[in-house]
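**Q** As input, take start_9.csv (CSV, C-alpha atoms):
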chain,number,residue,atom,x,y,z
P,1,MET,CA,-46.0,-15.1,0.8
P,2,SER,CA,-47.7,-15.2,-2.6
P,3,GLU,CA,-45.7,-15.4,-5.8
P,4,GLN,CA,-46.9,-11.9,-6.7
P,5,THR,CA,-45.8,-10.4,-3.4
P,6,SER,CA,-42.4,-12.2,-3.7
P,7,THR,CA,-41.9,-10.8,-7.2
P,8,ALA,CA,-42.8,-7.3,-6.0
P,9,ALA,CA,-40.4,-7.6,-3.1
P,10,LYS,CA,-37.6,-8.7,-5.5
P,11,ILE,CA,-38.3,-5.9,-7.8
P,12,GLY,CA,-38.3,-3.4,-4.9
P,13,ASN,CA,-35.0,-4.8,-3.6
P,14,VAL,CA,-33.4,-4.4,-7.1
P,15,VAL,CA,-34.7,-0.8,-7.4
P,16,VAL,CA,-33.4,0.1,-3.9
P,17,TRP,CA,-30.0,-1.5,-4.8
P,18,ILE,CA,-29.8,0.7,-7.9
P,19,LEU,CA,-30.7,3.8,-5.8
P,20,GLN,CA,-28.0,2.8,-3.3
P,21,ILE,CA,-25.3,2.4,-6.0
P,22,LEU,CA,-26.2,5.7,-7.6
P,23,LEU,CA,-26.1,7.4,-4.2
P,24,ALA,CA,-22.8,5.7,-3.4
P,25,VAL,CA,-21.2,7.0,-6.6
P,26,THR,CA,-22.6,10.5,-5.9
P,27,PHE,CA,-21.0,10.5,-2.4
P,28,VAL,CA,-17.7,9.1,-3.5
P,29,GLN,CA,-17.5,12.0,-5.9
P,30,SER,CA,-18.7,14.5,-3.3
P,31,GLY,CA,-16.3,13.2,-0.7
P,32,TYR,CA,-13.4,13.4,-3.1
P,33,ALA,CA,-14.4,16.9,-4.1
P,34,LEU,CA,-14.0,18.0,-0.4
P,35,PHE,CA,-10.3,17.2,-0.7
P,36,THR,CA,-9.8,19.7,-3.4
P,37,ASP,CA,-9.5,23.5,-3.0
P,38,GLN,CA,-13.1,24.0,-4.3
P,39,PHE,CA,-14.6,24.0,-0.8
P,40,VAL,CA,-11.9,25.8,1.2
P,41,ALA,CA,-13.9,29.1,1.3
P,42,LYS,CA,-17.1,27.4,2.3
P,43,PHE,CA,-15.5,25.6,5.3
P,44,ASP,CA,-13.7,28.9,6.3
P,45,ASP,CA,-17.2,30.4,6.4
P,46,ILE,CA,-18.4,27.6,8.7
P,47,GLY,CA,-15.6,28.4,11.1
P,48,PHE,CA,-14.6,24.9,12.2
P,49,GLY,CA,-11.4,24.8,10.2
P,50,GLN,CA,-10.2,22.8,7.3
P,51,TRP,CA,-9.9,19.6,9.4
P,52,PHE,CA,-13.7,19.5,9.3
P,53,ARG,CA,-13.7,19.6,5.5
P,54,TYR,CA,-11.4,16.5,5.5
P,55,LEU,CA,-13.4,14.7,8.1
P,56,THR,CA,-16.6,15.4,6.1
P,57,GLY,CA,-15.0,14.0,3.0
P,58,VAL,CA,-13.8,10.8,4.8
P,59,LEU,CA,-17.3,10.3,6.3
P,60,GLU,CA,-19.0,10.8,3.0
P,61,ILE,CA,-16.7,8.3,1.2
P,62,ALA,CA,-17.0,5.8,4.1
P,63,ALA,CA,-20.8,6.0,4.1
P,64,ALA,CA,-20.8,5.6,0.3
P,65,ILE,CA,-18.7,2.5,0.5
P,66,GLY,CA,-21.1,1.2,3.3
P,67,LEU,CA,-24.1,1.7,0.9
P,68,VAL,CA,-22.8,-1.1,-1.3
P,69,ILE,CA,-22.0,-3.6,1.6
P,70,PRO,CA,-25.2,-5.6,2.2
P,71,ARG,CA,-24.7,-6.1,5.9
P,72,ILE,CA,-24.2,-2.3,6.7
P,73,CYS,CA,-26.0,-0.5,3.9
P,74,GLY,CA,-28.9,0.6,6.1
P,75,ILE,CA,-26.6,2.0,8.8
P,76,ALA,CA,-24.6,3.7,6.0
P,77,ALA,CA,-27.8,5.3,4.7
P,78,LEU,CA,-28.6,6.6,8.2
P,79,ALA,CA,-25.1,8.1,8.4
P,80,LEU,CA,-25.7,9.9,5.2
P,81,VAL,CA,-29.0,11.2,6.6
P,82,GLY,CA,-27.1,12.7,9.5
P,83,ILE,CA,-24.3,14.1,7.3
P,84,MET,CA,-26.9,15.7,5.0
P,85,GLY,CA,-28.9,17.0,8.0
P,86,GLY,CA,-25.7,18.7,9.1
P,87,ALA,CA,-25.1,20.1,5.6
P,88,THR,CA,-28.7,21.4,5.5
P,89,LEU,CA,-28.4,23.2,8.8
P,90,THR,CA,-25.0,24.6,7.8
P,91,GLU,CA,-26.4,26.0,4.5
P,92,LEU,CA,-29.4,27.4,6.3
P,93,PHE,CA,-27.7,29.1,9.2
P,94,LEU,CA,-23.9,29.2,9.0
P,95,VAL,CA,-22.8,29.8,5.4
P,96,THR,CA,-22.7,33.2,3.9
P,97,ASN,CA,-24.9,33.2,0.8
P,98,GLY,CA,-26.5,29.9,1.9
P,99,GLY,CA,-30.2,29.8,2.7
P,100,PHE,CA,-33.0,27.6,1.5
P,101,LYS,CA,-31.8,27.5,-2.2
P,102,ALA,CA,-28.4,26.2,-1.1
P,103,ALA,CA,-30.0,23.7,1.3
P,104,VAL,CA,-32.3,22.1,-1.4
P,105,LEU,CA,-29.6,19.6,-2.6
P,106,PRO,CA,-28.6,18.3,0.9
P,107,ILE,CA,-32.4,18.0,1.7
P,108,ILE,CA,-32.9,15.9,-1.5
P,109,PHE,CA,-29.9,13.7,-0.6
P,110,ALA,CA,-31.1,13.3,3.0
P,111,LEU,CA,-34.5,12.2,1.8
P,112,TRP,CA,-33.0,9.8,-0.7
P,113,ALA,CA,-30.8,8.2,2.0
P,114,LEU,CA,-33.8,8.2,4.5
P,115,MET,CA,-35.9,6.3,1.9
P,116,ILE,CA,-33.1,3.7,1.7
P,117,ALA,CA,-32.8,3.5,5.5
P,118,VAL,CA,-36.5,2.9,5.9
P,119,TYR,CA,-36.5,0.2,3.2
P,120,ARG,CA,-33.5,-1.5,5.0
P,121,ARG,CA,-34.9,-1.0,8.5
P,122,GLU,CA,-35.0,-4.8,9.2
P,123,GLN,CA,-31.3,-4.9,8.4
P,124,ILE,CA,-30.7,-2.0,10.7
P,125,LEU,CA,-32.7,-3.6,13.5
P,126,GLY,CA,-30.8,-6.8,13.1
P,127,LEU,CA,-27.5,-5.0,13.5
P,128,LEU,CA,-28.8,-3.2,16.6
P,129,LYS,CA,-29.9,-6.6,18.2
P,130,LEU,CA,-26.4,-8.0,17.4
P,131,VAL,CA,-24.8,-5.0,19.1
P,132,ARG,CA,-27.0,-5.3,22.2
P,133,LYS,CA,-25.9,-8.9,22.8
Kindly present the structure from the file in C-alpha cells form.
**A**
Amino acid sequence: MSEQTSTAAKIGNVVVWILQILLAVTFVQSGYALFTDQFVAKFDDIGFGQWFRYLTGVLEIAAAIGLVIPRICGIAALALVGIMGGATLTELFLVTNGGFKAAVLPIIFALWALMIAVYRREQILGLLKLVRK
C-alpha cells in the first residue's frame, strides 16, 4: 500500500468515525425522546401499542451505543438501517398525516447508516465469520 493510499484510508476512517459519533448522538437523543409523551399519539396511530414505542427507543439507543464500539459499529449501523427502514415504511403507509414528506428524515438516516455499514463491511464480515465458527 502506498503512503498516499494509506493517508487517504486514515482520513476516510477519521471521517467515518466522526459521522458515526454524530449519528450516535442523534439516535441517543431520538431514542430518549421516544420515552417522553411526545410520540404517544404517533404510536397509537401505528396500532402496535405503547410497548413498541419503548422497544424502538431501546433499540435506537442500543444501536447508537454500538456505533461507538469499534468491534460492533458496522452491525450497529446495519441495525439502524433496519430501524429507519421500518420508520420509513411506517411513515409512508401506517401513520395518519405521514407520507413521503414525513418519510424523508428516516430515509436520510437510513442512507447515512448504510454508508457507514458499507464502509465497515470488512468488520461486519469478520463478525459473521466469527459467529459461523
**Q** Measure the distance from CA of Arg120 in chain P to CA of Ala79 in chain P in Å and round it to one decimal.
**A**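 Value for the CA of Arg120 in chain P-CA of Ala79 in chain P distance: 13.2 Å.
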**Q** CA of Val16 in chain P to CA of Tyr119 in chain P: how many Å, to one decimal?
**A**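 If I compute the distance from CA of Val16 in chain P to CA of Tyr119 in chain P, I get 7.7 Å.
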**Q** Could you tell me how far CA of Ile83 in chain P sits from CA of Ala103 in chain P, in Å to one decimal place?
**A**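 Value for the CA of Ala103 in chain P-CA of Ile83 in chain P distance: 12.7 Å.
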**Q** Find the spatial neighbours of Val40 in chain P, counting only C-alpha atoms, within a cut-off of 9 Å - ignore same-chain residues fewer than 5 positions away - and output them as a PDB file with C-alpha atoms, in the frame of the given file.
**A**
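After the write, result.pdb holds the following:
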ATOM      1  CA  LEU P  34     -14.000  18.000  -0.400  1.00  0.00           C
ATOM      2  CA  PHE P  35     -10.300  17.200  -0.700  1.00  0.00           C
ATOM      3  CA  ASP P  45     -17.200  30.400   6.400  1.00  0.00           C
ATOM      4  CA  GLN P  50     -10.200  22.800   7.300  1.00  0.00           C
ATOM      5  CA  ARG P  53     -13.700  19.600   5.500  1.00  0.00           C
TER       6      ARG P  53
END
**Q** Point out the residue among P:Ile18, P:Ala102, P:Leu92, P:Ile65 with the least atom-to-atom distance to Gly31 in chain P, counting only C-alpha atoms.
**A**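 Nearest to Gly31 in chain P: P:Ile65.
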**Q** Go ahead and find all residues with at least one atom no further than 12 Å from (-25.3, 30.8, 3.2) in the file's coordinates, using all atoms listed in the file; report them as a list in words.
**A**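 The distance filter leaves exactly Ala41, Lys42, Phe43, Asp45, Ile46, Ala87, Thr88, Leu89, Thr90, Glu91, Leu92, Phe93, Leu94, Val95, Thr96, Asn97, Gly98, Gly99, Phe100, Lys101, Ala102 and Ala103 of chain P.
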**Q** Using only C-alpha atoms, which residue out of P:Ile61, P:Ile124, P:Leu111, P:Val68 lies closest to Leu22 in chain P?
**A**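 For Leu22 in chain P, the nearest of the candidates is P:Val68.
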**Q** Under the rule that only C-alpha atoms are counted, which of P:Met115, P:Ala64, P:Ile107, P:Leu78 is the nearest residue to Ala24 in chain P?
**A**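 Of P:Met115, P:Ala64, P:Ile107, P:Leu78, the one nearest Ala24 in chain P is P:Ala64, counting only C-alpha atoms.
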**Q** Using only C-alpha atoms, find the one residue out of P:Leu105, P:Leu125, P:Leu114, P:Leu55 that sits nearest to Gly82 in chain P.
**A** P:Leu114
**Q** Which is closer to Phe109 in chain P than all the others in P:Leu130, P:Ala76, P:Thr56, P:Phe27, using only C-alpha atoms?
**A**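 Ranking P:Leu130, P:Ala76, P:Thr56, P:Phe27 by distance to Phe109 in chain P, first place goes to P:Phe27.
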**Q** From the options P:Gly49, P:Lys129, P:Asp44, P:Leu80, which residue's atoms come nearest to Leu67 in chain P, counting all atoms listed in the file?
**A**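 Using all atoms listed in the file, the shortest distance to Leu67 in chain P belongs to P:Leu80.
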**Q** Writing all heavy atoms and nothing else, produce range 111-127 of chain P as a short mmCIF file (atom, residue, chain, number, x, y, z; two decimals), in the first residue's frame.
**A**
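That gives us result_10.cif:
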data_model
loop_
_atom_site.label_atom_id
_atom_site.label_comp_id
_atom_site.auth_asym_id
_atom_site.auth_seq_id
_atom_site.Cartn_x
_atom_site.Cartn_y
_atom_site.Cartn_z
N LEU P 111 -29.88 6.05 4.89
CA LEU P 111 -28.77 6.16 3.94
C LEU P 111 -27.45 6.47 4.65
O LEU P 111 -26.40 5.94 4.28
CB LEU P 111 -29.09 7.22 2.88
CG LEU P 111 -30.21 6.86 1.91
CD1 LEU P 111 -30.55 8.05 1.02
CD2 LEU P 111 -29.84 5.64 1.09
N TRP P 112 -27.51 7.33 5.67
CA TRP P 112 -26.33 7.67 6.46
C TRP P 112 -25.78 6.41 7.13
O TRP P 112 -24.59 6.12 7.06
CB TRP P 112 -26.73 8.72 7.48
CG TRP P 112 -25.67 9.32 8.34
CD1 TRP P 112 -24.36 8.94 8.46
CD2 TRP P 112 -25.83 10.44 9.21
NE1 TRP P 112 -23.73 9.75 9.37
CE2 TRP P 112 -24.59 10.67 9.83
CE3 TRP P 112 -26.92 11.25 9.53
CZ2 TRP P 112 -24.41 11.69 10.77
CZ3 TRP P 112 -26.72 12.27 10.46
CH2 TRP P 112 -25.49 12.49 11.06
N ALA P 113 -26.66 5.65 7.77
CA ALA P 113 -26.24 4.42 8.44
C ALA P 113 -25.75 3.39 7.43
O ALA P 113 -24.78 2.67 7.69
CB ALA P 113 -27.40 3.86 9.27
N LEU P 114 -26.39 3.31 6.27
CA LEU P 114 -25.98 2.38 5.23
C LEU P 114 -24.57 2.70 4.74
O LEU P 114 -23.75 1.80 4.51
CB LEU P 114 -26.97 2.38 4.07
CG LEU P 114 -26.68 1.40 2.93
CD1 LEU P 114 -26.68 -0.04 3.44
CD2 LEU P 114 -27.70 1.59 1.82
N MET P 115 -24.27 3.98 4.58
CA MET P 115 -22.94 4.39 4.16
C MET P 115 -21.90 3.93 5.17
O MET P 115 -20.83 3.41 4.81
CB MET P 115 -22.90 5.92 4.00
CG MET P 115 -21.61 6.47 3.42
SD MET P 115 -20.29 6.89 4.60
CE MET P 115 -21.10 7.80 5.85
N ILE P 116 -22.21 4.06 6.45
CA ILE P 116 -21.30 3.59 7.50
C ILE P 116 -21.14 2.08 7.42
O ILE P 116 -20.02 1.55 7.50
CB ILE P 116 -21.79 4.04 8.89
CG1 ILE P 116 -21.68 5.56 9.02
CG2 ILE P 116 -21.01 3.34 10.01
CD1 ILE P 116 -22.40 6.14 10.23
N ALA P 117 -22.24 1.36 7.26
CA ALA P 117 -22.19 -0.10 7.19
C ALA P 117 -21.35 -0.56 6.00
O ALA P 117 -20.57 -1.51 6.12
CB ALA P 117 -23.60 -0.67 7.11
N VAL P 118 -21.50 0.10 4.87
CA VAL P 118 -20.72 -0.27 3.69
C VAL P 118 -19.23 -0.02 3.96
O VAL P 118 -18.38 -0.85 3.64
CB VAL P 118 -21.20 0.50 2.43
CG1 VAL P 118 -20.22 0.36 1.28
CG2 VAL P 118 -22.58 0.02 2.03
N TYR P 119 -18.91 1.11 4.56
CA TYR P 119 -17.51 1.41 4.88
C TYR P 119 -16.94 0.40 5.87
O TYR P 119 -15.77 0.03 5.79
CB TYR P 119 -17.38 2.84 5.43
CG TYR P 119 -15.94 3.28 5.52
CD1 TYR P 119 -15.30 3.84 4.41
CD2 TYR P 119 -15.21 3.13 6.69
CE1 TYR P 119 -13.97 4.23 4.48
CE2 TYR P 119 -13.88 3.51 6.76
CZ TYR P 119 -13.27 4.07 5.66
OH TYR P 119 -11.95 4.45 5.72
N ARG P 120 -17.77 -0.08 6.79
CA ARG P 120 -17.33 -1.03 7.83
C ARG P 120 -17.62 -2.49 7.44
O ARG P 120 -17.64 -3.36 8.29
CB ARG P 120 -18.02 -0.71 9.16
CG ARG P 120 -17.77 0.70 9.67
CD ARG P 120 -16.36 0.85 10.15
NE ARG P 120 -16.17 2.19 10.70
CZ ARG P 120 -15.01 2.81 10.69
NH1 ARG P 120 -13.95 2.23 10.19
NH2 ARG P 120 -14.90 4.02 11.20
N ARG P 121 -17.82 -2.75 6.16
CA ARG P 121 -18.21 -4.09 5.72
C ARG P 121 -17.19 -5.17 6.09
O ARG P 121 -17.59 -6.30 6.41
CB ARG P 121 -18.50 -4.10 4.24
CG ARG P 121 -17.31 -3.87 3.33
CD ARG P 121 -17.75 -3.72 1.87
NE ARG P 121 -16.65 -3.30 1.03
CZ ARG P 121 -16.28 -2.04 0.85
NH1 ARG P 121 -16.93 -1.06 1.46
NH2 ARG P 121 -15.27 -1.74 0.05
N GLU P 122 -15.90 -4.87 6.08
CA GLU P 122 -14.91 -5.87 6.46
C GLU P 122 -15.08 -6.26 7.92
O GLU P 122 -14.94 -7.43 8.28
CB GLU P 122 -13.49 -5.34 6.21
CG GLU P 122 -13.16 -5.16 4.74
CD GLU P 122 -13.28 -6.45 3.93
OE1 GLU P 122 -12.91 -7.52 4.45
OE2 GLU P 122 -13.75 -6.38 2.78
N GLN P 123 -15.41 -5.30 8.75
CA GLN P 123 -15.65 -5.57 10.17
C GLN P 123 -16.90 -6.44 10.33
O GLN P 123 -16.92 -7.38 11.11
CB GLN P 123 -15.77 -4.24 10.93
CG GLN P 123 -16.03 -4.35 12.39
CD GLN P 123 -17.51 -4.11 12.73
OE1 GLN P 123 -18.29 -3.65 11.93
NE2 GLN P 123 -17.86 -4.46 13.93
N ILE P 124 -17.93 -6.15 9.56
CA ILE P 124 -19.17 -6.94 9.60
C ILE P 124 -18.90 -8.37 9.15
O ILE P 124 -19.31 -9.33 9.80
CB ILE P 124 -20.27 -6.30 8.72
CG1 ILE P 124 -20.68 -4.94 9.29
CG2 ILE P 124 -21.48 -7.22 8.60
CD1 ILE P 124 -21.55 -4.11 8.36
N LEU P 125 -18.17 -8.52 8.05
CA LEU P 125 -17.86 -9.86 7.54
C LEU P 125 -17.00 -10.63 8.53
O LEU P 125 -17.17 -11.84 8.70
CB LEU P 125 -17.15 -9.75 6.18
CG LEU P 125 -18.02 -9.21 5.04
CD1 LEU P 125 -17.17 -8.97 3.79
CD2 LEU P 125 -19.17 -10.15 4.75
N GLY P 126 -16.09 -9.95 9.22
CA GLY P 126 -15.28 -10.60 10.24
C GLY P 126 -16.13 -11.13 11.38
O GLY P 126 -15.90 -12.23 11.88
N LEU P 127 -17.12 -10.35 11.80
CA LEU P 127 -18.02 -10.81 12.85
C LEU P 127 -18.86 -12.00 12.39
O LEU P 127 -19.10 -12.93 13.16
CB LEU P 127 -18.93 -9.67 13.31
CG LEU P 127 -18.35 -8.66 14.28
CD1 LEU P 127 -19.34 -7.54 14.55
CD2 LEU P 127 -17.94 -9.32 15.58
#
